Amino acid sequence: MITVSIIGAGNVATHLFKAFSKTKTVSVKQWYSRDLNKISSFKNKVEIVADLNGLAEADIYIIAVSDDAISSVSEALPFKDRLVVHTSGSVGIYDLDKKNRRAVFYPLQTFSKEAKVDFKQVPICIETIGKKDYPQLKSLAEALGSPHYRVNSDQRKALHLAAVFVNNFTNQLYRVAHEITEFEGVEFDILKPLILETAKKVQTMSPYMAQTGPAKRNDKKTIKRHLKQLKNEQHKAIYNLLTNTIKKTHGR
């Protein structure tokens with residue numbers, strides 16, 4: 001049995017707790033939050049604490065807080081020589097205080113508290129300094145049923161940057177599309193099969209090969225008509241930027 005303590009009360013911390021609670025080989029010993037009200041609904045399932053000095057001994061301490069707080073939280077931990085990991089894609093492993101064994105356990109997925117997450121579909125990126133710590137974190141990922149990858153800091157940061165493009169930026173484009181359809185009083189839901197098919201394509205072919213549309217074809221008339229339709233200057237700027245990027249990629 002692997003014992004873990006979770007530090008933080010955000011989306012990642014909440015989903016990790018729920019996922020660990022369903023396993024047979026991981027026990028969440030304690031859950032820390034400065035504000036116990038944020039995790040009070042779980043008090044009958046796990047010991048909750050609001051004081052870092054109240055953390056008992058565990059195999060792994062998982063810091064799942066905002067990126068800016070990781071360093072200070074790790075520095076405030078009242079013990080030494082234990083395995084402490086953070087869950088960020090962009091924070092360096094050396095940002096953790098060196099008094100403890102340092103590692104990263106990065107679940108590469110978008111998390112919202114209200115959305116269910118199947119950890120069998122969540123890749124875990126693992127980075128360690130000490131060689132003996134990797135097998136334990138590998139076992140932790142396997143307990144979740146997650147695919148796991150050993151990566152270094154540069155690779156992890158590259159994955160996080162790429163994730164911003166495929167998730168955050170793409171979602172903002174969904175928002176633009178929603179505004180366009182909403183303005184004309186047409187249902188955004190009509191686009192959802194296209195959204196799913198687009199995501200499905202890149203499971204079996206490269207994004208380069210999957211590209212379609214007026215920019216790839218260099219369909220100047222359609223591009224001009226689209227730009228004329230767009231009344232929002234910000235939307236027009238996004239359209240122009242992405243159109244020119246696609247045209248350059250495909251030699252148009």
# chains A, B, ... in the order shown; residues from 1 in each chain; ligands from 1
>>> residues_around(residues="stretch 170-176 of chain A", least_positions_apart="3", cutoff="10 Å", atoms="only C-alpha atoms", output="list of chain:residue names")
A:Ala163, A:Val164, A:Phe165, A:Val166, A:Asn167, A:Glu179, A:Ile180, A:Thr181, A:Glu182, A:Phe188, A:Leu191, A:Lys192, A:Ile195, A:Asn232, A:Gln234, A:His235, A:Ile238, A:Tyr239
>>> write_last_selection(atoms="N, CA, C and O atoms", output="mmCIF file, in the first residue's frame")
data_model
loop_
_atom_site.group_PDB
_atom_site.id
_atom_site.type_symbol
_atom_site.label_atom_id
_atom_site.label_comp_id
_atom_site.auth_asym_id
_atom_site.auth_seq_id
_atom_site.Cartn_x
_atom_site.Cartn_y
_atom_site.Cartn_z
ATOM 1 N N ALA A 163 0.335 21.645 -24.876
ATOM 2 C CA ALA A 163 -1.011 21.453 -24.316
ATOM 3 C C ALA A 163 -1.805 22.749 -24.309
ATOM 4 O O ALA A 163 -3.027 22.740 -24.497
ATOM 5 N N VAL A 164 -1.130 23.875 -24.101
ATOM 6 C CA VAL A 164 -1.811 25.170 -24.145
ATOM 7 C C VAL A 164 -2.404 25.401 -25.538
ATOM 8 O O VAL A 164 -3.530 25.890 -25.681
ATOM 9 N N PHE A 165 -1.659 25.013 -26.567
ATOM 10 C CA PHE A 165 -2.156 25.181 -27.933
ATOM 11 C C PHE A 165 -3.347 24.266 -28.202
ATOM 12 O O PHE A 165 -4.372 24.716 -28.738
ATOM 13 N N VAL A 166 -3.231 22.972 -27.851
ATOM 14 C CA VAL A 166 -4.296 22.031 -28.226
ATOM 15 C C VAL A 166 -5.511 22.126 -27.320
ATOM 16 O O VAL A 166 -6.612 21.726 -27.721
ATOM 17 N N ASN A 167 -5.345 22.678 -26.123
ATOM 18 C CA ASN A 167 -6.473 22.763 -25.198
ATOM 19 C C ASN A 167 -6.954 24.198 -24.985
ATOM 20 O O ASN A 167 -8.052 24.574 -25.396
ATOM 21 N N GLU A 179 -19.588 32.616 -30.285
ATOM 22 C CA GLU A 179 -20.025 34.009 -30.441
ATOM 23 C C GLU A 179 -20.571 34.254 -31.857
ATOM 24 O O GLU A 179 -21.569 34.970 -32.034
ATOM 25 N N ILE A 180 -19.901 33.671 -32.853
ATOM 26 C CA ILE A 180 -20.325 33.854 -34.243
ATOM 27 C C ILE A 180 -21.705 33.252 -34.470
ATOM 28 O O ILE A 180 -22.590 33.875 -35.069
ATOM 29 N N THR A 181 -21.903 32.034 -33.983
ATOM 30 C CA THR A 181 -23.206 31.375 -34.171
ATOM 31 C C THR A 181 -24.289 32.066 -33.345
ATOM 32 O O THR A 181 -25.424 32.228 -33.800
ATOM 33 N N GLU A 182 -23.919 32.458 -32.128
ATOM 34 C CA GLU A 182 -24.882 33.122 -31.240
ATOM 35 C C GLU A 182 -25.378 34.434 -31.846
ATOM 36 O O GLU A 182 -26.562 34.782 -31.747
ATOM 37 N N PHE A 188 -25.023 26.424 -31.639
ATOM 38 C CA PHE A 188 -23.617 25.992 -31.614
ATOM 39 C C PHE A 188 -23.521 24.471 -31.648
ATOM 40 O O PHE A 188 -22.554 23.906 -32.165
ATOM 41 N N LEU A 191 -22.264 22.328 -34.528
ATOM 42 C CA LEU A 191 -20.832 22.178 -34.794
ATOM 43 C C LEU A 191 -20.183 21.039 -34.013
ATOM 44 O O LEU A 191 -19.048 20.652 -34.312
ATOM 45 N N LYS A 192 -20.870 20.504 -33.021
ATOM 46 C CA LYS A 192 -20.225 19.522 -32.131
ATOM 47 C C LYS A 192 -19.768 18.246 -32.836
ATOM 48 O O LYS A 192 -18.681 17.734 -32.526
ATOM 49 N N ILE A 195 -16.460 19.090 -34.295
ATOM 50 C CA ILE A 195 -15.429 19.175 -33.259
ATOM 51 C C ILE A 195 -14.915 17.781 -32.919
ATOM 52 O O ILE A 195 -13.699 17.542 -32.839
ATOM 53 N N ASN A 232 -16.233 41.548 -35.594
ATOM 54 C CA ASN A 232 -15.349 41.732 -34.441
ATOM 55 C C ASN A 232 -13.901 41.780 -34.934
ATOM 56 O O ASN A 232 -13.404 40.822 -35.545
ATOM 57 N N GLN A 234 -11.115 41.624 -33.345
ATOM 58 C CA GLN A 234 -10.261 40.609 -32.719
ATOM 59 C C GLN A 234 -10.430 39.259 -33.421
ATOM 60 O O GLN A 234 -9.455 38.556 -33.683
ATOM 61 N N HIS A 235 -11.668 38.928 -33.722
ATOM 62 C CA HIS A 235 -11.929 37.685 -34.453
ATOM 63 C C HIS A 235 -11.282 37.734 -35.842
ATOM 64 O O HIS A 235 -10.732 36.737 -36.328
ATOM 65 N N ILE A 238 -7.555 37.082 -35.526
ATOM 66 C CA ILE A 238 -7.287 35.652 -35.314
ATOM 67 C C ILE A 238 -7.423 34.896 -36.629
ATOM 68 O O ILE A 238 -6.581 34.051 -36.965
ATOM 69 N N TYR A 239 -8.473 35.204 -37.383
ATOM 70 C CA TYR A 239 -8.702 34.536 -38.672
ATOM 71 C C TYR A 239 -7.518 34.774 -39.606
ATOM 72 O O TYR A 239 -7.009 33.837 -40.249
#
>>> residues_around(residues="A:Ala143", least_positions_apart="5", cutoff="9 Å", atoms="only C-alpha atoms", output="PyMOL selection string")
chain A and resi 20+23-26+138
>>> residues_around(residues="A:Leu36", least_positions_apart="2", cutoff="12 Å", atoms="only C-alpha atoms", output="list in words")
Ile7, Gly8, Ala9, Trp31, Tyr32, Ser33, Arg34, Lys38, Ile39, Ser40, Ser41, Phe42, Lys43, Glu47, Ile48, Val49, Ala50 and Asp51 of chain A
>>> closest_residue(among="A:Asp67, A:Ile246, A:Lys116, A:Asn53", to="A:Gln211", atoms="only C-alpha atoms")
A:Ile246
>>> closest_residue(among="A:His148, A:Lys157, A:Lys228, A:Lys248", to="A:Phe119", atoms="only C-alpha atoms")
A:His148
>>> closest_residue(among="A:Asn244, A:Thr128, A:Ser139, A:Gln229", to="A:Arg217", atoms="only C-alpha atoms")
A:Asn244
